[in-house]
$ cat final.cif   # mmCIF, C-alpha atoms and all ligand atoms
data_work
loop_
_atom_site.label_atom_id
_atom_site.label_comp_id
_atom_site.auth_asym_id
_atom_site.auth_seq_id
_atom_site.Cartn_x
_atom_site.Cartn_y
_atom_site.Cartn_z
CA LYS A 1 -17.50 -0.05 27.38
CA SER A 2 -20.25 -2.11 25.78
CA SER A 3 -23.73 -2.11 27.22
CA TYR A 4 -26.36 -4.76 26.53
CA ARG A 5 -30.14 -4.76 26.84
CA ILE A 6 -31.57 -8.21 27.46
CA ALA A 7 -35.20 -9.32 27.37
CA SER A 8 -35.72 -11.58 30.37
CA ILE A 9 -38.66 -13.95 29.85
CA PRO A 10 -38.83 -16.19 32.94
CA GLY A 11 -42.15 -17.83 31.92
CA ASP A 12 -43.62 -20.71 33.90
CA GLY A 13 -42.77 -23.36 36.48
CA ILE A 14 -39.11 -23.31 37.50
CA GLY A 15 -38.43 -20.78 34.70
CA PRO A 16 -38.58 -17.78 37.09
CA GLU A 17 -36.39 -19.62 39.64
CA VAL A 18 -33.56 -20.36 37.22
CA VAL A 19 -33.75 -17.06 35.33
CA SER A 20 -33.60 -15.07 38.56
CA ALA A 21 -30.61 -17.21 39.58
CA ALA A 22 -28.81 -16.47 36.31
CA ILE A 23 -29.55 -12.73 36.45
CA GLN A 24 -28.06 -12.58 39.96
CA VAL A 25 -24.77 -14.15 38.86
CA VAL A 26 -24.52 -12.22 35.57
CA GLU A 27 -25.20 -8.88 37.31
CA LYS A 28 -22.57 -9.76 39.91
CA LEU A 29 -20.14 -10.67 37.11
CA ALA A 30 -20.71 -7.38 35.24
CA LYS A 31 -20.29 -5.37 38.45
CA THR A 32 -17.15 -7.25 39.52
CA LEU A 33 -15.35 -7.20 36.18
CA GLY A 34 -16.50 -3.70 35.23
CA THR A 35 -15.76 -4.46 31.58
CA PHE A 36 -19.36 -4.37 30.29
CA ASP A 37 -22.83 -3.26 31.37
CA ILE A 38 -25.90 -5.45 31.14
CA ASN A 39 -29.54 -4.64 31.83
CA PHE A 40 -32.33 -7.17 32.05
CA ASP A 41 -35.88 -6.01 31.29
CA HIS A 42 -38.53 -8.25 32.83
CA ILE A 43 -41.07 -9.43 30.24
CA PRO A 44 -44.05 -11.11 31.93
CA TRP A 45 -45.07 -13.48 29.13
CA GLY A 46 -46.33 -16.91 30.11
CA THR A 47 -49.34 -18.77 31.46
CA ALA A 48 -50.34 -16.16 34.09
CA HIS A 49 -50.36 -13.56 31.27
CA TYR A 50 -52.46 -15.92 29.13
CA LYS A 51 -55.01 -16.43 31.89
CA GLN A 52 -55.32 -12.65 32.37
CA THR A 53 -55.34 -11.53 28.75
CA GLY A 54 -56.07 -14.57 26.57
CA SER A 55 -52.63 -14.31 24.98
CA TYR A 56 -49.19 -15.61 25.97
CA VAL A 57 -47.52 -12.41 24.78
CA THR A 58 -48.32 -8.70 24.54
CA GLY A 59 -48.58 -7.00 21.15
CA ASN A 60 -46.10 -7.93 18.46
CA ALA A 61 -43.74 -10.22 20.35
CA LEU A 62 -41.22 -10.38 17.51
CA ASP A 63 -40.90 -6.59 17.28
CA THR A 64 -40.53 -6.38 21.06
CA LEU A 65 -37.69 -8.91 21.01
CA ARG A 66 -36.06 -7.14 18.06
CA SER A 67 -35.59 -4.08 20.28
CA TYR A 68 -33.18 -6.07 22.51
CA ASP A 69 -29.68 -7.43 21.99
CA ALA A 70 -30.75 -10.94 23.07
CA SER A 71 -33.33 -12.79 25.17
CA LEU A 72 -32.89 -15.02 28.19
CA PHE A 73 -35.79 -17.46 28.45
CA GLY A 74 -36.83 -19.75 31.32
CA ALA A 75 -39.54 -22.24 30.37
CA VAL A 76 -43.19 -22.31 29.37
CA GLY A 77 -45.88 -24.88 30.08
CA ALA A 78 -48.37 -25.29 32.93
CA PRO A 79 -50.30 -28.31 34.22
CA ASP A 80 -53.70 -26.73 33.55
CA VAL A 81 -53.17 -25.52 29.96
CA PRO A 82 -52.70 -27.96 27.05
CA ASP A 83 -49.00 -27.97 26.14
CA HIS A 84 -49.62 -27.25 22.46
CA ILE A 85 -51.43 -24.03 23.43
CA SER A 86 -48.68 -22.80 25.75
CA LEU A 87 -45.76 -23.78 23.54
CA TRP A 88 -47.23 -22.44 20.30
CA GLY A 89 -48.37 -19.35 22.23
CA LEU A 90 -44.86 -18.42 23.25
CA LEU A 91 -41.67 -20.35 22.51
CA LEU A 92 -42.62 -21.83 19.15
CA ALA A 93 -44.14 -18.49 18.13
CA ILE A 94 -40.62 -17.05 18.47
CA ARG A 95 -38.07 -19.66 17.29
CA GLY A 96 -39.41 -20.25 13.76
CA PRO A 97 -40.81 -16.80 12.98
CA LEU A 98 -37.62 -15.03 14.21
CA GLN A 99 -35.62 -17.50 12.06
CA LEU A 100 -33.50 -18.63 14.99
CA TYR A 101 -32.66 -21.63 12.86
CA ALA A 102 -29.62 -22.98 14.70
CA ASN A 103 -30.29 -24.50 18.10
CA VAL A 104 -26.94 -25.24 19.68
CA ARG A 105 -27.00 -27.69 22.60
CA PRO A 106 -23.64 -28.58 24.11
CA VAL A 107 -23.54 -31.29 26.78
CA ARG A 108 -20.70 -31.88 29.15
CA THR A 109 -20.06 -33.69 32.41
CA PHE A 110 -19.16 -31.08 35.03
CA PRO A 111 -16.30 -31.53 37.46
CA GLY A 112 -17.55 -33.02 40.72
CA THR A 113 -20.54 -34.67 39.01
CA LYS A 114 -21.05 -38.22 37.85
CA CYS A 115 -21.61 -39.40 34.31
CA PRO A 116 -23.97 -42.38 34.65
CA LEU A 117 -22.36 -44.22 31.73
CA THR A 118 -19.86 -46.95 32.57
CA THR A 119 -18.75 -46.61 28.94
CA ALA A 120 -17.61 -43.02 29.58
CA THR A 121 -15.76 -42.92 32.88
CA GLU A 122 -14.10 -39.64 31.86
CA GLY A 123 -17.50 -38.08 31.17
CA ILE A 124 -19.06 -36.71 28.01
CA ASP A 125 -18.35 -33.63 25.90
CA TRP A 126 -20.62 -33.38 22.86
CA MET A 127 -22.03 -30.63 20.69
CA LEU A 128 -25.56 -31.12 19.42
CA VAL A 129 -26.81 -28.96 16.57
CA ARG A 130 -30.57 -28.93 16.14
CA GLU A 131 -32.37 -27.56 13.09
CA ASN A 132 -34.78 -25.12 14.73
CA SER A 133 -37.17 -23.78 12.11
CA GLU A 134 -38.79 -26.61 10.17
CA GLY A 135 -39.40 -30.38 10.18
CA GLU A 136 -42.32 -31.47 12.36
CA TYR A 137 -42.23 -28.00 13.97
CA ALA A 138 -43.23 -26.17 10.78
CA GLY A 139 -46.81 -26.03 12.04
CA GLN A 140 -48.18 -27.80 8.94
CA GLY A 141 -51.02 -30.28 9.14
CA GLY A 142 -54.51 -30.43 10.49
CA ARG A 143 -57.51 -32.45 11.55
CA SER A 144 -60.64 -33.35 9.67
CA HIS A 145 -63.92 -34.93 10.78
CA VAL A 146 -63.11 -33.98 14.37
CA GLY A 147 -64.68 -36.36 16.87
CA GLN A 148 -66.01 -38.71 14.21
CA GLN A 149 -64.94 -42.29 13.77
CA TRP A 150 -63.16 -41.47 10.52
CA GLU A 151 -61.33 -38.51 12.02
CA ALA A 152 -57.89 -38.02 10.50
CA ALA A 153 -54.94 -35.91 11.58
CA THR A 154 -51.70 -35.00 9.81
CA GLU A 155 -48.48 -33.59 11.22
CA VAL A 156 -46.52 -32.65 8.16
CA ALA A 157 -42.74 -32.55 8.40
CA LEU A 158 -41.57 -29.78 6.10
CA PHE A 159 -37.97 -29.77 4.87
CA THR A 160 -36.49 -27.27 2.45
CA ARG A 161 -33.13 -27.42 0.67
CA VAL A 162 -32.34 -23.92 1.95
CA GLY A 163 -33.28 -24.90 5.50
CA ILE A 164 -31.21 -28.07 5.47
CA GLU A 165 -28.24 -26.52 3.75
CA ARG A 166 -27.89 -23.63 6.19
CA ILE A 167 -27.99 -25.87 9.28
CA MET A 168 -25.65 -28.39 7.64
CA ARG A 169 -23.09 -25.68 6.88
CA PHE A 170 -23.43 -24.38 10.44
CA ALA A 171 -22.84 -27.90 11.81
CA PHE A 172 -19.81 -28.58 9.62
CA GLU A 173 -18.32 -25.26 10.71
CA MET A 174 -19.05 -26.15 14.33
CA ALA A 175 -17.36 -29.54 13.94
CA GLN A 176 -14.41 -27.89 12.20
CA SER A 177 -13.96 -25.50 15.13
CA ARG A 178 -13.69 -28.36 17.65
CA PRO A 179 -10.46 -30.28 18.24
CA ARG A 180 -11.70 -33.66 17.00
CA LYS A 181 -13.36 -32.32 13.80
CA LEU A 182 -15.93 -35.13 13.87
CA LEU A 183 -19.54 -34.81 12.72
CA THR A 184 -22.40 -37.30 12.74
CA VAL A 185 -25.42 -36.49 10.57
CA VAL A 186 -28.53 -38.10 12.06
CA THR A 187 -31.51 -38.93 9.83
CA LYS A 188 -34.11 -41.64 9.32
CA SER A 189 -33.76 -42.09 5.59
CA ASN A 190 -34.66 -45.77 5.60
CA SER A 191 -38.34 -45.27 6.40
CA MET A 192 -38.70 -41.55 5.63
CA ARG A 193 -38.04 -41.46 1.91
CA ASN A 194 -38.47 -37.76 1.10
CA GLY A 195 -37.27 -35.20 3.62
CA MET A 196 -34.71 -37.52 5.20
CA VAL A 197 -33.27 -38.49 1.83
CA LEU A 198 -32.93 -34.79 1.02
CA TRP A 199 -31.03 -34.40 4.31
CA ASP A 200 -28.62 -37.17 3.28
CA GLU A 201 -28.09 -35.61 -0.16
CA VAL A 202 -27.45 -32.12 1.21
CA ALA A 203 -25.05 -33.53 3.83
CA ALA A 204 -22.98 -35.27 1.15
CA SER A 205 -22.81 -32.12 -0.96
CA VAL A 206 -21.94 -29.72 1.90
CA ALA A 207 -19.31 -32.17 3.17
CA LYS A 208 -17.27 -31.56 0.00
CA ASP A 209 -16.54 -28.03 1.26
CA PHE A 210 -15.13 -29.41 4.53
CA PRO A 211 -12.46 -31.96 3.61
CA ASP A 212 -10.86 -31.65 7.06
CA VAL A 213 -14.04 -32.76 8.87
CA THR A 214 -14.53 -36.50 9.33
CA TRP A 215 -18.23 -37.17 9.04
CA ASP A 216 -20.60 -40.10 9.09
CA LYS A 217 -24.32 -40.79 8.84
CA MET A 218 -26.42 -42.55 11.40
CA LEU A 219 -30.06 -43.55 11.61
CA VAL A 220 -31.61 -41.95 14.67
CA ASP A 221 -32.63 -45.22 16.31
CA ALA A 222 -29.11 -46.61 16.02
CA MET A 223 -27.75 -43.29 17.25
CA THR A 224 -29.43 -43.78 20.65
CA VAL A 225 -27.56 -47.07 20.98
CA ARG A 226 -24.26 -45.50 19.95
CA MET A 227 -24.71 -42.68 22.49
CA VAL A 228 -24.90 -45.25 25.26
CA ALA A 229 -22.56 -47.96 23.95
CA LYS A 230 -19.81 -45.91 22.26
CA PRO A 231 -20.03 -42.40 23.66
CA GLN A 232 -16.37 -41.66 22.95
CA SER A 233 -16.94 -42.14 19.21
CA ILE A 234 -19.14 -39.01 19.14
CA ASP A 235 -18.28 -35.31 19.03
CA THR A 236 -20.64 -33.05 17.02
CA ILE A 237 -24.11 -34.22 15.98
CA VAL A 238 -26.56 -32.54 13.60
CA GLY A 239 -30.16 -33.52 13.01
CA THR A 240 -33.73 -32.43 12.53
CA ASN A 241 -35.80 -30.38 14.91
CA LEU A 242 -37.64 -33.41 16.33
CA HIS A 243 -34.77 -35.89 16.33
CA MET A 244 -32.45 -33.50 18.13
CA ASP A 245 -35.15 -32.52 20.61
CA ILE A 246 -35.18 -36.12 21.75
CA LEU A 247 -31.44 -36.77 21.47
CA SER A 248 -30.62 -33.61 23.43
CA ASP A 249 -32.61 -34.75 26.48
CA LEU A 250 -30.93 -38.17 26.26
CA ALA A 251 -27.50 -36.58 25.88
CA ALA A 252 -28.09 -34.31 28.88
CA ALA A 253 -29.09 -37.24 31.06
CA LEU A 254 -26.07 -39.24 29.89
CA ALA A 255 -23.77 -36.33 30.73
CA GLY A 256 -25.15 -36.04 34.26
CA SER A 257 -28.49 -34.19 34.38
CA ILE A 258 -30.96 -32.27 32.27
CA GLY A 259 -30.40 -29.55 34.87
CA VAL A 260 -27.04 -28.55 33.36
CA ALA A 261 -27.91 -28.56 29.63
CA PRO A 262 -27.99 -25.12 27.93
CA SER A 263 -29.25 -24.07 24.54
CA SER A 264 -28.74 -21.17 22.18
CA ASN A 265 -31.40 -20.39 19.58
CA LEU A 266 -29.29 -18.52 17.07
CA ASP A 267 -29.88 -16.48 13.98
CA PRO A 268 -26.38 -16.90 12.57
CA THR A 269 -27.04 -14.05 10.09
CA ARG A 270 -27.58 -11.78 13.13
CA LYS A 271 -30.59 -10.12 11.50
CA ASN A 272 -32.61 -11.02 14.60
CA PRO A 273 -31.53 -11.20 18.23
CA SER A 274 -30.87 -14.71 19.49
CA LEU A 275 -32.59 -16.41 22.41
CA PHE A 276 -30.86 -18.40 25.14
CA GLU A 277 -32.58 -20.90 27.42
CA PRO A 278 -32.00 -24.11 29.35
CA VAL A 279 -32.96 -27.31 27.52
CA HIS A 280 -35.31 -28.36 30.31
CA GLY A 281 -38.93 -27.33 30.78
CA SER A 282 -41.15 -26.02 33.57
CA ALA A 283 -40.56 -29.10 35.79
CA PHE A 284 -43.91 -29.06 37.60
CA ASP A 285 -42.72 -31.74 40.02
CA ILE A 286 -40.13 -29.45 41.63
CA THR A 287 -41.64 -25.99 41.03
CA GLY A 288 -41.60 -23.82 44.14
CA LYS A 289 -39.35 -26.16 46.09
CA GLY A 290 -36.29 -24.00 45.48
CA ILE A 291 -34.19 -26.94 44.30
CA ALA A 292 -34.09 -26.41 40.54
CA ASN A 293 -30.58 -26.70 39.17
CA PRO A 294 -29.61 -23.23 37.88
CA VAL A 295 -26.46 -24.42 36.05
CA ALA A 296 -28.21 -24.91 32.67
CA THR A 297 -29.36 -21.30 32.79
CA PHE A 298 -25.94 -20.05 33.98
CA TRP A 299 -24.37 -21.81 31.01
CA SER A 300 -27.07 -20.46 28.65
CA ALA A 301 -26.32 -16.95 29.94
CA ALA A 302 -22.59 -17.58 29.37
CA GLU A 303 -23.35 -18.64 25.79
CA MET A 304 -25.34 -15.42 25.44
CA LEU A 305 -22.32 -13.41 26.62
CA ILE A 306 -20.12 -15.17 24.05
CA TRP A 307 -22.63 -14.40 21.30
CA LEU A 308 -22.66 -10.73 22.38
CA GLY A 309 -18.86 -10.60 22.22
CA GLU A 310 -17.96 -11.02 25.92
CA LYS A 311 -15.92 -14.20 25.53
CA ASP A 312 -13.57 -13.57 28.45
CA ALA A 313 -16.37 -12.76 30.85
CA ALA A 314 -18.23 -15.91 29.79
CA ALA A 315 -15.13 -18.08 30.31
CA LYS A 316 -14.65 -16.56 33.77
CA LEU A 317 -18.27 -17.24 34.68
CA MET A 318 -18.01 -20.87 33.57
CA GLY A 319 -14.80 -21.22 35.57
CA CYS A 320 -16.68 -20.07 38.68
CA VAL A 321 -19.53 -22.52 37.99
CA GLU A 322 -17.04 -25.38 37.55
CA ARG A 323 -15.26 -24.59 40.81
CA VAL A 324 -18.59 -24.57 42.67
CA CYS A 325 -19.54 -27.95 41.15
CA ALA A 326 -16.10 -29.37 41.90
CA ALA A 327 -16.54 -28.27 45.53
CA GLY A 328 -19.67 -30.44 45.70
CA ILE A 329 -22.17 -27.59 45.93
CA LEU A 330 -24.79 -29.35 43.83
CA THR A 331 -28.59 -29.55 43.62
CA PRO A 332 -30.36 -32.91 44.20
CA ASP A 333 -30.58 -33.83 40.49
CA LEU A 334 -26.77 -34.08 40.59
CA GLY A 335 -26.81 -36.01 43.85
CA GLY A 336 -26.14 -32.96 46.02
CA THR A 337 -27.98 -31.38 48.94
CA SER A 338 -27.75 -27.71 48.02
CA ASP A 339 -30.75 -25.65 46.99
CA THR A 340 -30.89 -23.22 44.07
CA GLN A 341 -29.97 -20.18 46.14
CA GLY A 342 -27.07 -22.08 47.72
CA VAL A 343 -25.57 -22.63 44.27
CA VAL A 344 -26.23 -18.99 43.30
CA ASP A 345 -24.53 -17.70 46.47
CA ALA A 346 -21.53 -19.99 45.97
CA VAL A 347 -21.10 -18.85 42.34
CA CYS A 348 -21.45 -15.20 43.37
CA LEU A 349 -18.70 -15.72 45.99
CA GLU A 350 -16.43 -17.19 43.30
CA VAL A 351 -17.25 -14.26 41.01
CA GLU A 352 -16.28 -11.79 43.76
CA LYS A 353 -12.85 -13.43 43.89
CA LEU A 354 -12.31 -12.36 40.23
CA ALA A 355 -12.07 -8.71 41.34
P1 LIG A 401 -39.04 -31.03 32.16
O1 LIG A 401 -37.71 -30.75 31.54
O2 LIG A 401 -39.76 -29.85 32.66
O3 LIG A 401 -38.84 -32.05 33.37
C1 LIG A 401 -38.37 -33.38 33.20
C2 LIG A 401 -37.72 -33.88 34.50
O4 LIG A 401 -36.45 -33.20 34.66
C3 LIG A 401 -38.53 -33.59 35.75
O5 LIG A 401 -38.40 -34.64 36.66
C4 LIG A 401 -37.86 -32.33 36.31
O6 LIG A 401 -37.98 -32.17 37.71
C5 LIG A 401 -36.40 -32.53 35.91
N1 LIG A 401 -35.75 -31.24 35.73
C6 LIG A 401 -35.92 -30.38 34.68
N2 LIG A 401 -35.19 -29.27 34.85
C7 LIG A 401 -34.53 -29.41 36.02
C8 LIG A 401 -33.63 -28.59 36.75
N3 LIG A 401 -33.23 -27.37 36.30
N4 LIG A 401 -33.15 -29.03 37.93
C9 LIG A 401 -33.51 -30.24 38.39
N5 LIG A 401 -34.37 -31.07 37.77
C10 LIG A 401 -34.88 -30.66 36.59
O7 LIG A 401 -39.91 -31.83 31.08
P2 LIG A 401 -41.47 -32.22 31.08
O8 LIG A 401 -41.85 -32.70 32.43
O9 LIG A 401 -41.67 -33.07 29.93
O10 LIG A 401 -42.22 -30.85 30.78
C11 LIG A 401 -42.87 -30.04 31.73
C12 LIG A 401 -43.48 -28.85 31.01
O11 LIG A 401 -42.48 -28.02 30.45
C13 LIG A 401 -44.43 -29.21 29.86
O12 LIG A 401 -45.44 -28.24 29.83
C14 LIG A 401 -43.55 -29.08 28.65
O13 LIG A 401 -44.27 -28.83 27.46
C15 LIG A 401 -42.72 -27.88 29.04
N6 LIG A 401 -41.40 -27.78 28.40
C16 LIG A 401 -41.00 -26.52 28.11
C17 LIG A 401 -39.74 -26.32 27.59
C18 LIG A 401 -39.30 -24.93 27.29
O14 LIG A 401 -39.99 -23.98 27.60
N7 LIG A 401 -38.16 -24.74 26.67
C19 LIG A 401 -38.87 -27.40 27.42
C20 LIG A 401 -39.32 -28.69 27.75
C21 LIG A 401 -40.59 -28.86 28.26
C1 LIG A 402 -37.15 -28.05 23.96
C2 LIG A 402 -38.60 -28.32 24.28
C3 LIG A 402 -39.52 -27.74 23.22
C4 LIG A 402 -39.22 -28.38 21.89
C5 LIG A 402 -41.02 -27.93 23.51
C6 LIG A 402 -41.36 -27.50 24.88
C7 LIG A 402 -41.87 -27.28 22.47
O1 LIG A 402 -38.82 -29.67 24.47
O2 LIG A 402 -36.78 -26.88 23.78
O3 LIG A 402 -36.37 -28.99 23.92
O4 LIG A 402 -39.75 -29.43 21.55
O5 LIG A 402 -38.45 -27.79 21.15
MN MN A 403 -37.03 -30.84 24.48
#
$ encode --input "final.cif" --output "structure tokens"
Amino acid sequence: KSSYRIASIPGDGIGPEVVSAAIQVVEKLAKTLGTFDINFDHIPWGTAHYKQTGSYVTGNALDTLRSYDASLFGAVGAPDVPDHISLWGLLLAIRGPLQLYANVRPVRTFPGTKCPLTTATEGIDWMLVRENSEGEYAGQGGRSHVGQQWEAATEVALFTRVGIERIMRFAFEMAQSRPRKLLTVVTKSNSMRNGMVLWDEVAASVAKDFPDVTWDKMLVDAMTVRMVAKPQSIDTIVGTNLHMDILSDLAAALAGSIGVAPSSNLDPTRKNPSLFEPVHGSAFDITGKGIANPVATFWSAAEMLIWLGEKDAAAKLMGCVERVCAAGILTPDLGGTSDTQGVVDAVCLEVEKLA
């Protein structure tokens, strides 16, 4: 039977709460099914580590992660450290450098939960594909004349043909694998006349290899309107690192809550191990209250199991999570009264029934 070694990086804020929740249910699943083994190694990277050592990570973080089959990440960011220090110290120091270029963010309305859109009474089921290695996140730019009146700052969005083409192909394949075979390519090629125009050109050329996929283009501002006004016209969406960062939070809220949205940071070439994490952040406002919704991290862990080859186990886990939601065992963000551990215990009980 297969055995997996996972780097667990709980990080900051509610990260440790939701990662511990997910480890409990995945360990219960592995024990109950008996079809695979999984071991989580605790990696204490995050703001506490930074305050002790001056660094968010220990040693060569990329080599450490390369010694695992995958990583399960919580969140990073603390109220008393500037966000650009914490994020570039940990998460953004991994995604780009490890070439985890495909960030896959499905959103779905869970049974027993409400979709706030009157235009989507049946709920939402979308697949967002986020370019995860370049754009505004390439780390290019700088500041000159700091503090002076003529200070200037640049944040350079870097786009490469190779980078766009690989995510575009990934997105077309993703759309092709879904029943509706519909893809919307989001850009901003009216005002952004270089990188965004290259995106449009690459989309049109890659589309020729996927005649069975119906695709269209949308400017990102208009896309926000379409997501609210015509949600049923959407299935798979692909866009830049920054555009999809924003659209994925919106999509999660439209589906029900940011607390259920998962993400997979994939290296589709499988040269490097992929990283799985909820879409949400450290959530300072609810840290320590024990009410963080663990579903986004459950779903991220299920996506990790699929990526590792444990498709059946992942489907069973998601079935358990759906039954718990349908039974109304929900955290406050979904309108429920349960706490995190209440949801964990209920999912573990469902998992036990799989025996
Ligand atoms: P956030 O996602 O942490 O929180 C936004 C809102 O959503 C808050 O009201 C929060 O309580 C709620 N929320 C988030 N996750 C929830 C959950 N699981 N259950 C219930 N409610 C939930 O976004 P923010 O406030 O902009 O960021 C806080 C910090 O996290 C910042 O430092 C930011 O940089 C960082 N951040 C990190 C990541 C990451 O590590 N992947 C992602 C986003 C933000
Ligand atoms: C996300 C987050 C990160 C991003 C931040 C925290 C750097 O918002 O994963 O959605 O912008 O990618
Ligand atoms: Mn985000």
$ residues_near_ligand --input "final.cif" --ligand "ligand LIG 402 (chain A)" --cutoff "6 Å" --atoms "only C-alpha atoms and all ligand atoms" --output "number ranges by chain"
A: 87, 245, 279
$ residues_around --input "final.cif" --residues "A:Thr58" --least-positions-apart "5" --cutoff "9 Å" --atoms "only C-alpha atoms" --output "ChimeraX atom specification"
/A:44-45,49,53,64
$ closest_residue --input "final.cif" --among "A:Ala78, A:Val186, A:Met168, A:Leu266" --to "A:Glu303" --atoms "all atoms listed in the file"
A:Leu266
$ residues_near_point --input "final.cif" --point "(-15.3, -12.1, 38.6)" --cutoff "12 Å" --atoms "only C-alpha atoms" --output "short mmCIF file (atom, residue, chain, number, x, y, z; two decimals) with C-alpha atoms, in the frame of the given file"
data_model
loop_
_atom_site.label_atom_id
_atom_site.label_comp_id
_atom_site.auth_asym_id
_atom_site.auth_seq_id
_atom_site.Cartn_x
_atom_site.Cartn_y
_atom_site.Cartn_z
CA VAL A 25 -24.77 -14.15 38.86
CA VAL A 26 -24.52 -12.22 35.57
CA GLU A 27 -25.20 -8.88 37.31
CA LYS A 28 -22.57 -9.76 39.91
CA LEU A 29 -20.14 -10.67 37.11
CA ALA A 30 -20.71 -7.38 35.24
CA LYS A 31 -20.29 -5.37 38.45
CA THR A 32 -17.15 -7.25 39.52
CA LEU A 33 -15.35 -7.20 36.18
CA GLY A 34 -16.50 -3.70 35.23
CA THR A 35 -15.76 -4.46 31.58
CA ASP A 312 -13.57 -13.57 28.45
CA ALA A 313 -16.37 -12.76 30.85
CA ALA A 314 -18.23 -15.91 29.79
CA ALA A 315 -15.13 -18.08 30.31
CA LYS A 316 -14.65 -16.56 33.77
CA LEU A 317 -18.27 -17.24 34.68
CA MET A 318 -18.01 -20.87 33.57
CA GLY A 319 -14.80 -21.22 35.57
CA CYS A 320 -16.68 -20.07 38.68
CA VAL A 321 -19.53 -22.52 37.99
CA VAL A 347 -21.10 -18.85 42.34
CA CYS A 348 -21.45 -15.20 43.37
CA LEU A 349 -18.70 -15.72 45.99
CA GLU A 350 -16.43 -17.19 43.30
CA VAL A 351 -17.25 -14.26 41.01
CA GLU A 352 -16.28 -11.79 43.76
CA LYS A 353 -12.85 -13.43 43.89
CA LEU A 354 -12.31 -12.36 40.23
CA ALA A 355 -12.07 -8.71 41.34
#
$ atom_distance --input "final.cif" --atom1 "atom CA of A:Gln149" --atom2 "atom CA of A:Ile85"
24.7 Å
$ closest_residue --input "final.cif" --among "A:Ala283, A:Ile237, A:Ala253, A:Ile246" --to "ligand MN 403 (chain A)" --atoms "only C-alpha atoms and all ligand atoms"
A:Ile246
$ residues_near_ligand --input "final.cif" --ligand "ligand MN 403 (chain A)" --cutoff "9 Å" --atoms "only C-alpha atoms and all ligand atoms" --output "list in words"
Leu242, Met244, Asp245, Ile246, Leu247, Ser248, Asp249, Val279, His280 and Gly281 of chain A
$ write_last_selection --input "final.cif" --atoms "C-alpha atoms" --output "compact mmCIF listing (two decimals), in the coordinates of the input"
# COMPACT_ATOMS: atom_id res chain seq x y z
CA LEU A 242 -37.64 -33.41 16.33
CA MET A 244 -32.45 -33.50 18.13
CA ASP A 245 -35.15 -32.52 20.61
CA ILE A 246 -35.18 -36.12 21.75
CA LEU A 247 -31.44 -36.77 21.47
CA SER A 248 -30.62 -33.61 23.43
CA ASP A 249 -32.61 -34.75 26.48
CA VAL A 279 -32.96 -27.31 27.52
CA HIS A 280 -35.31 -28.36 30.31
CA GLY A 281 -38.93 -27.33 30.78
$ closest_residue --input "final.cif" --among "A:Phe73, A:Trp307, A:Phe210, A:Tyr50" --to "ligand LIG 401 (chain A)" --atoms "only C-alpha atoms and all ligand atoms"
A:Phe73
$ atom_distance --input "final.cif" --atom1 "atom CA of A:Ala153" --atom2 "atom CA of A:Gln140"
10.9 Å
$ residues_near_ligand --input "final.cif" --ligand "ligand LIG 401 (chain A)" --cutoff "7 Å" --atoms "only C-alpha atoms and all ligand atoms" --output "list in words"
Gly74, Ala75, Val76, Gly77, Ala78, Pro79, Asp83, Leu87, Leu91, Ile258, Gly259, Val260, Glu277, Pro278, Val279, His280, Gly281, Ser282, Ala283, Phe284, Asp285, Ile286, Ile291, Ala292, Asn293, Pro294, Ala296 and Asp333 of chain A
$ atom_distance --input "final.cif" --atom1 "atom CA of A:Cys115" --atom2 "atom CA of A:Ala302"
22.4 Å
